[in-house]
Each structure stands twice: as structure tokens, then as C-alpha cells.
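Asker: Submitted below is the structure of interest, expressed as C-alpha cells.
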Amino acid sequence: MKVLACDGIHEDGLAMFRDAGWDVAVSEPIKDPGALARALDGVDALLVRSATAIGADALAQATALRVIGRAGAGVDTIDVDAATARGIAVMNAPDGNTLAAAEHALSLLFALARHVPRADAGMKAGQWPKAGLTGFELEGKKLGVVGLGRIGGTVARKARALGMDVAAYDPFLPPSAAAHGSVPLKPLEELLAWADVVTLHVPRTKETTHLLNASTLALMKRGAYLVNAARGGLVDEAALLDALDSGQLAGAALDTFATEPLPADSALRAHPQLVLTPHLGASTGEAQQAVSTILARQVLDYFATGAVAGCVNLPPLTAEAAREVGPWMPLMSALGKLAARLLPAPVRLHITYAGRSESLDPRPLTRLLVASLLGGVSTRVTPVNALQEAAARGLVVAETVGGDGDGFDRLLKLRIEDEQGAVRELEATLHRGPRVVRLDGVEIEFDPQSHLLLMRNADRPGIIGLVGSHLGAAGINIVNFSLGAKGDGEALAAITVDRAVPDAQLVALRGIAGVLSLEAL
């Protein structure tokens with residue numbers, strides 16, 4: 001396995017990959033999409049911070065890439081839709097830099113309140129710049145927190161300890177959460193009009209881009225202050241400059257920008273009422289160590305056990321849950337491939353997880369089975385994009401959890417149907433090893449992971465002996481032979497053999513009198 005780490009990933013996380021036997025490559029930020037595409041050749045996992053942007057072009061030929069890891073929270077520099085379409089998991093480590101980001105937002109607030117940057121610059125220029133730098137005290141001021149997640153919640157808690165009056169708006173919390181964390185929630189318009197200082201702590205999405213624009217900035221209290229230590233693009237920078245020039249805002253502090261690095265000729269740099277820092281929110285030694293090790297553990301667990309944590313395009317799956325579903329995973333892959341051979345172009349798939357199911361999370365198993373079912377058509381179908389691929393191909397996937405296990409602790413039932421109405425059914429279990437126990441209602445047992453011949457034959461004496469003799473003469477050993485009568489003068493046989501049967505032998509077997517059909521699976 002190979003991991004490529006860009007953007008200065010902390011050594012503690014990289015050491016975990018080396019200890020696990022991975023090949024670790026380290027790179028400076030890669031800005032050019034073509035160069036990034038070349039660098040991803042043969043790479044299984046890519047780790048970045050915020051400097052390397054990962055677009056669809058760079059991912060198009062990354063055939064080995066299975067995981068992109070963001071050492072931090074925001075994934076706006078990653079084309080998550082393109083990664084999902086390619087079957088690539090996108091992970092982040094949002095908890096590792098919570099304290100660092102929250103403290104930096106507060107440091108910007110203090111810098112605004114006491115004009116620290118201008119005072120420092122004047123002193124170093126040989127001045128005594130006391131006149132005109134009268135500040136304000138934070139105690140008693142009203143702080144409006146936009147986004148009450150991990151970082152916003154931490155800012156709110158620390159600001160209250162400073163004696164500030166705190167309220168919040170969160171687009172991802174329902175109105176019923178009005179007392180969330182003892183911080184009152186207000187509608188955005190009401191919060192902006194109420195606050196002396198507004199601080200932003202939401203991700204950048206289509207909905208939050210330019211959340212603060214000319215219209216919403218005009219709603220703020222005249223002479224208020226703004227802090228953005230979250231993501232670039234949340235604030236319309238041109239509108240912000242207008243608000244500062246007009247006196248609508250008395251000052252603002254920005255740690256993130258729509259374009260990073262901030263262009264040398266940006267008008268933001270010259271504005272005296274702006275405090276600017278170069279995206280330092282997570283730049284503490286403690287935070288970088290934490291996010292690197294959290295991310296490394298998530299990636300290693302994903303490859304080792306299928307556990308999914310911190311993944312933005314897969315449902316979460318704890319290590320404990322992964323151990324529960326882990327034994328089923330090889331069986332699901334095998335059943336998907338078998339189902340594809342039995343019915344090559346299904347339009348409906350129904351999976352029933354029967355028997356004891358209270359501790360089983362079926363979502364990763366369903367995704368894995370669908371990926372295996374569709375993988376014969378496209379090698380880029382993985383559990384990440386399996387359901388999207390199914391929908392794109394017109395395959396309707398449904399699942400049922402619970403029901404009679406027919407004497408088994410757990411019994412998996414598959415029903416697939418094609419456009420012409422043809423139906424195939426499989427039932428499988430892990431009892432005494434992974435095995436199919438029923439096919440199309442007929443009780444026959446076989447391991448779907450083995451070399452298998454599936455035969456439909458006339459239910460009369462002598463046919464099985466002829467098949468066995470033919471295979472023996474070809475030097476092919478029968479490992480297991482399971483036969484079930486259909487009750488209509490026909491029988492089904494699952495013949496497990498020790499190696500693949502050559503095409504010439506398959507033709508000869510199909511020519512035996514009484515053999516109605518024979519498939520090598």
C-alpha cells in the first residue's frame with residue numbers, strides 16, 4: 001500500500017503508516033492538476049490539508065486511489081462528488097483542530113477589540129501610536145455565533161466565560177433545538193441585528209457561500225464587527241469592503257479567503273480596519289499532531305477492517321460494528337458476483353437480513369453486495385459509489401431487516417429480477433462457514449467463493465455419474481456435490497471443483513444426455 005502526504009502532514013501520523021508497512025511518499029503542496037494526476041499513479045491513499053486542491057481532472061486516472069484524507073475539517077478543496085463517482089472515500093478529522101480553531105477566532109476578536117496589529121506595527125516603525133487606538137471591552141458585548149457545531153460551540157462556551165452575552169444561528173439545527181447547549185438560537189436576520197460581533201463557524205457549501213453579502217451585512221448593527229476563521233467564501237469580500245468603507249462595520253478579522261493564498265494585490269491587504277491572518281486556525285503543533293494521527297487511524301482501519309469514521313461520503317461504521325459485519329463481507333462480494341452471473345442485467349434487487357439482526361448494520365453490506373454485482377461492468381464501482389451507480393443504471397435496491405431466519409442465526413436472502421420479469425433467488429448463511437443454502441427455492445449447499453458448476457438436469461439415474469466420470473477423466477477433482485430436486489422432473493446441482501473448468505470440458509459436459517444447462521460460476 002502507498003500513501004501520498006501533501007501539505008505538511010504531521011510526522012506522527014505518517015509514522016503510523018510506516019509502522020503498518022505502507023510506502024509513505026511526502027510532497028509539498030501540488031497546485032497543478034496534471035502534476036497531481038501523475039503523482040497519484042499507484043497511490044492508495046492521499047492525505048492533504050488545505051493547500052492541495054483535488055479536482056475531477058486529477059482523479060480521472062487515479063485507478064488505485066481508494067481514500068482521500070483531509071487533515072482537518074473542511075473538504076471544500078476536494079471535489080467530493082467526483083471522488084464519490086470514482087468510488088473514492090473522502091475522510092476528514094474535524095475533532096483534532098477544534099480547540100485551535102476556536103482559540104484563533106477568539107484571538108482575532110481580541111485583536112480587533114484592542115487594535116493589536118496596528119499598535120504593534122506602529123511601535124515597530126518607531127511610533128507611539130496611542131491616539132486613535134481606543135478599543136472596547138468584550139465583557140457585556142453581544143456575540144452572535146453562526147454555526148454551533150464543535151468549533152462554534154467551543155467559541156460560545158469560552159466567550160460566555162469572558163462575560164459576553166452569546167446567541168447563535170445554526171442552519172443545520174432544527175428550531176426545536178432552541179436551548180441547544182444552553183445557547184439560545186435566533187434566526188439569522190435577528191441574530192445579525194442583535195450582535196455587536198458576529199463570528200462564523202459553518203462549512204462552505206452551496207447554501208453558505210456568500211452567507212454574508214451586501215444584503216445580510218446591511219442587517220448587522222451599525223458599527224459591529226465580523227470574524228471569519230471558518231472557510232473562505234462565506235463572506236462576499238467586495239461587499240465587506242463596502243461595508244467597512246461606509247461605516248456599516250467598524251472592523252473585521254479574516255483568517256480564510258475566497259482565493260488562497262491571498263493575492264498580493266488584494267484590496268483586503270490595504271484596508272486599515274481589517275485584521276488578516278494566513279489561514280492559521282488549525283496551525284498549532286497540538287492540532288496538527290492530533291489531526292494527523294486521527295486521520296491515519298481512520299484510513300488504516302478502513303483498509304484493514306472496513307471501519308468507516310470521519311467519512312463524508314459513506315455512512316459511519318465503528319470498529320465494533322465493522323467487526324460485526326466483517327465476517328459477512330467476503331460472502332457479500334461472492335454473492336454479488338454470483339448474482340451477476342445468474343441474472344446479468346437486473347432492474348430490482350431486494351436483500352433481506354433475516355434472523356438475529358439487532359446488532360447488525362446492513363448498510364455497508366448492501367453497498368458491498370451492490371458494488372460486487374455491478375463491478376463486472378465497471379471496475380470503478382466500490383461501496384462508496386455503489387448506490388449512485390445502481391440508480392444511474394436503473395437498478396432499484398431495497399432491503400429488509402428482520403424476519404424468520406428459517407432455523408439459522410442469521411440468513412441472508414437475495415431476490416433479483418430483470419426487465420423481462422425473470423427472477424432468481426439466493427439464500428446464504430455463515431453457519432458452518434459461508435455458503436448458499438437455497439437457490440431458486442431448491443435446497444442445495446455450496447460455497448459461492450469456490451470454483452463452481454451450476455447444473456440443471458433431468459431428475460433420473462446415471463447423469464451424476466457421467467458428469468463425475470467426465471470431470472475425473474479431465475483431471476478435475478470434485479470437492480463437493482450438492483443436489484436438490486425441483487419437483488418437476490428436474491434437479492439442480494451445485495458442483496464445487498478444485499480449479500476452473502476449461503471451455504472444452506464445459507462444452508463436453510453440456511453434451512451429456514440429460515444435462516439441460518450448465519454454467520461455470
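In the C-alpha cells, chains take letters A, B, ... by order of appearance, with residues numbered from 1 within each chain and ligands from 1 in the order shown.
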Mind checking DSSP for range 279-490 of chain A and telling me the alpha helix (DSSP H) residues as a VMD selection string?
Answerer: chain A and resid 285 to 305 319 to 325 329 to 342 363 to 374 386 to 392 463 to 473
Asker: Just want the 7 Å neighbourhood of range 13-21 of chain A, counted on only C-alpha atoms, with same-chain residues fewer than 4 positions away dropped. Output as a list in words.
Answerer: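 So, after excluding close chain neighbours, the residues are Ser292, Thr293 and Ala296 of chain A.
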Asker: Would you export the selected residues with N, CA and C atoms as a PDB file, in the first residue's frame, please?
Answerer:
```
ATOM      1  N   SER A 292      -3.392  14.530  12.329  1.00  0.00           N
ATOM      2  CA  SER A 292      -2.645  13.546  11.535  1.00  0.00           C
ATOM      3  C   SER A 292      -2.828  12.142  12.080  1.00  0.00           C
ATOM      4  N   THR A 293      -2.802  11.987  13.396  1.00  0.00           N
ATOM      5  CA  THR A 293      -2.948  10.646  13.969  1.00  0.00           C
ATOM      6  C   THR A 293      -4.394  10.164  13.894  1.00  0.00           C
ATOM      7  N   ALA A 296      -4.828   9.159  10.230  1.00  0.00           N
ATOM      8  CA  ALA A 296      -4.090   7.932   9.925  1.00  0.00           C
ATOM      9  C   ALA A 296      -4.826   6.712  10.469  1.00  0.00           C
TER      10      ALA A 296
END
```
Asker: Compile the contact shell of Pro327 in chain A as an MDAnalysis selection string: residues with an atom at most 12 Å away, counting only C-alpha atoms, same-chain residues fewer than 2 positions apart removed.
Answerer: chainID A and resid 305:306 321:325 329:333 360 365 429:431 433:434
Asker: What's around Glu427 in chain A at 7 Å? Count only C-alpha atoms, leave out sequence neighbours fewer than 6 positions away in its own chain, and write the answer as a PDB file with N, CA and C atoms, in the first residue's frame.
Answerer:
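Output file part.pdb follows:
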```
ATOM      1  N   LEU A 411     -29.766 -15.249   8.343  1.00  0.00           N
ATOM      2  CA  LEU A 411     -29.967 -15.765   6.997  1.00  0.00           C
ATOM      3  C   LEU A 411     -30.108 -14.583   6.047  1.00  0.00           C
ATOM      4  N   LEU A 412     -29.310 -14.601   5.015  1.00  0.00           N
ATOM      5  CA  LEU A 412     -29.353 -13.548   4.008  1.00  0.00           C
ATOM      6  C   LEU A 412     -30.151 -14.044   2.803  1.00  0.00           C
ATOM      7  N   LYS A 413     -31.133 -13.253   2.369  1.00  0.00           N
ATOM      8  CA  LYS A 413     -31.956 -13.636   1.233  1.00  0.00           C
ATOM      9  C   LYS A 413     -31.818 -12.575   0.135  1.00  0.00           C
ATOM     10  N   LEU A 414     -31.537 -13.017  -1.076  1.00  0.00           N
ATOM     11  CA  LEU A 414     -31.447 -12.128  -2.228  1.00  0.00           C
ATOM     12  C   LEU A 414     -32.529 -12.496  -3.230  1.00  0.00           C
ATOM     13  N   VAL A 436     -24.148 -20.839   0.369  1.00  0.00           N
ATOM     14  CA  VAL A 436     -25.522 -20.730  -0.106  1.00  0.00           C
ATOM     15  C   VAL A 436     -26.259 -21.976   0.351  1.00  0.00           C
ATOM     16  N   VAL A 437     -27.468 -21.804   0.857  1.00  0.00           N
ATOM     17  CA  VAL A 437     -28.242 -22.954   1.335  1.00  0.00           C
ATOM     18  C   VAL A 437     -29.501 -23.191   0.506  1.00  0.00           C
ATOM     19  N   ARG A 438     -29.839 -22.246  -0.348  1.00  0.00           N
ATOM     20  CA  ARG A 438     -31.026 -22.421  -1.178  1.00  0.00           C
ATOM     21  C   ARG A 438     -30.874 -21.560  -2.423  1.00  0.00           C
ATOM     22  N   LEU A 439     -31.195 -22.147  -3.574  1.00  0.00           N
ATOM     23  CA  LEU A 439     -31.148 -21.428  -4.841  1.00  0.00           C
ATOM     24  C   LEU A 439     -32.469 -21.622  -5.557  1.00  0.00           C
TER      25      LEU A 439
END
```
Asker: Can you tell me which residues surround Met91 in chain A at a distance of at most 9 Å, considering only C-alpha atoms, apart from same-chain residues fewer than 3 positions away, and format the answer as a list of chain:residue names?
Answerer: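 Result of the neighbour search: A:Val67, A:Ile68, A:Gly69, A:Arg70, A:Ala71, A:Val75, A:Leu295, A:Gln298, A:Val299, A:Val308, A:Ala309, A:Gly310, A:Cys311, A:Val312, A:Asn313.
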Asker: Please identify all polymer residues within 12 Å of Arg510 in chain A, counting only C-alpha atoms, omitting same-chain residues fewer than 6 positions from it, and present them as a PyMOL selection string.
Answerer: chain A and resi 453-457+463+466-467+470+503-504+516-520
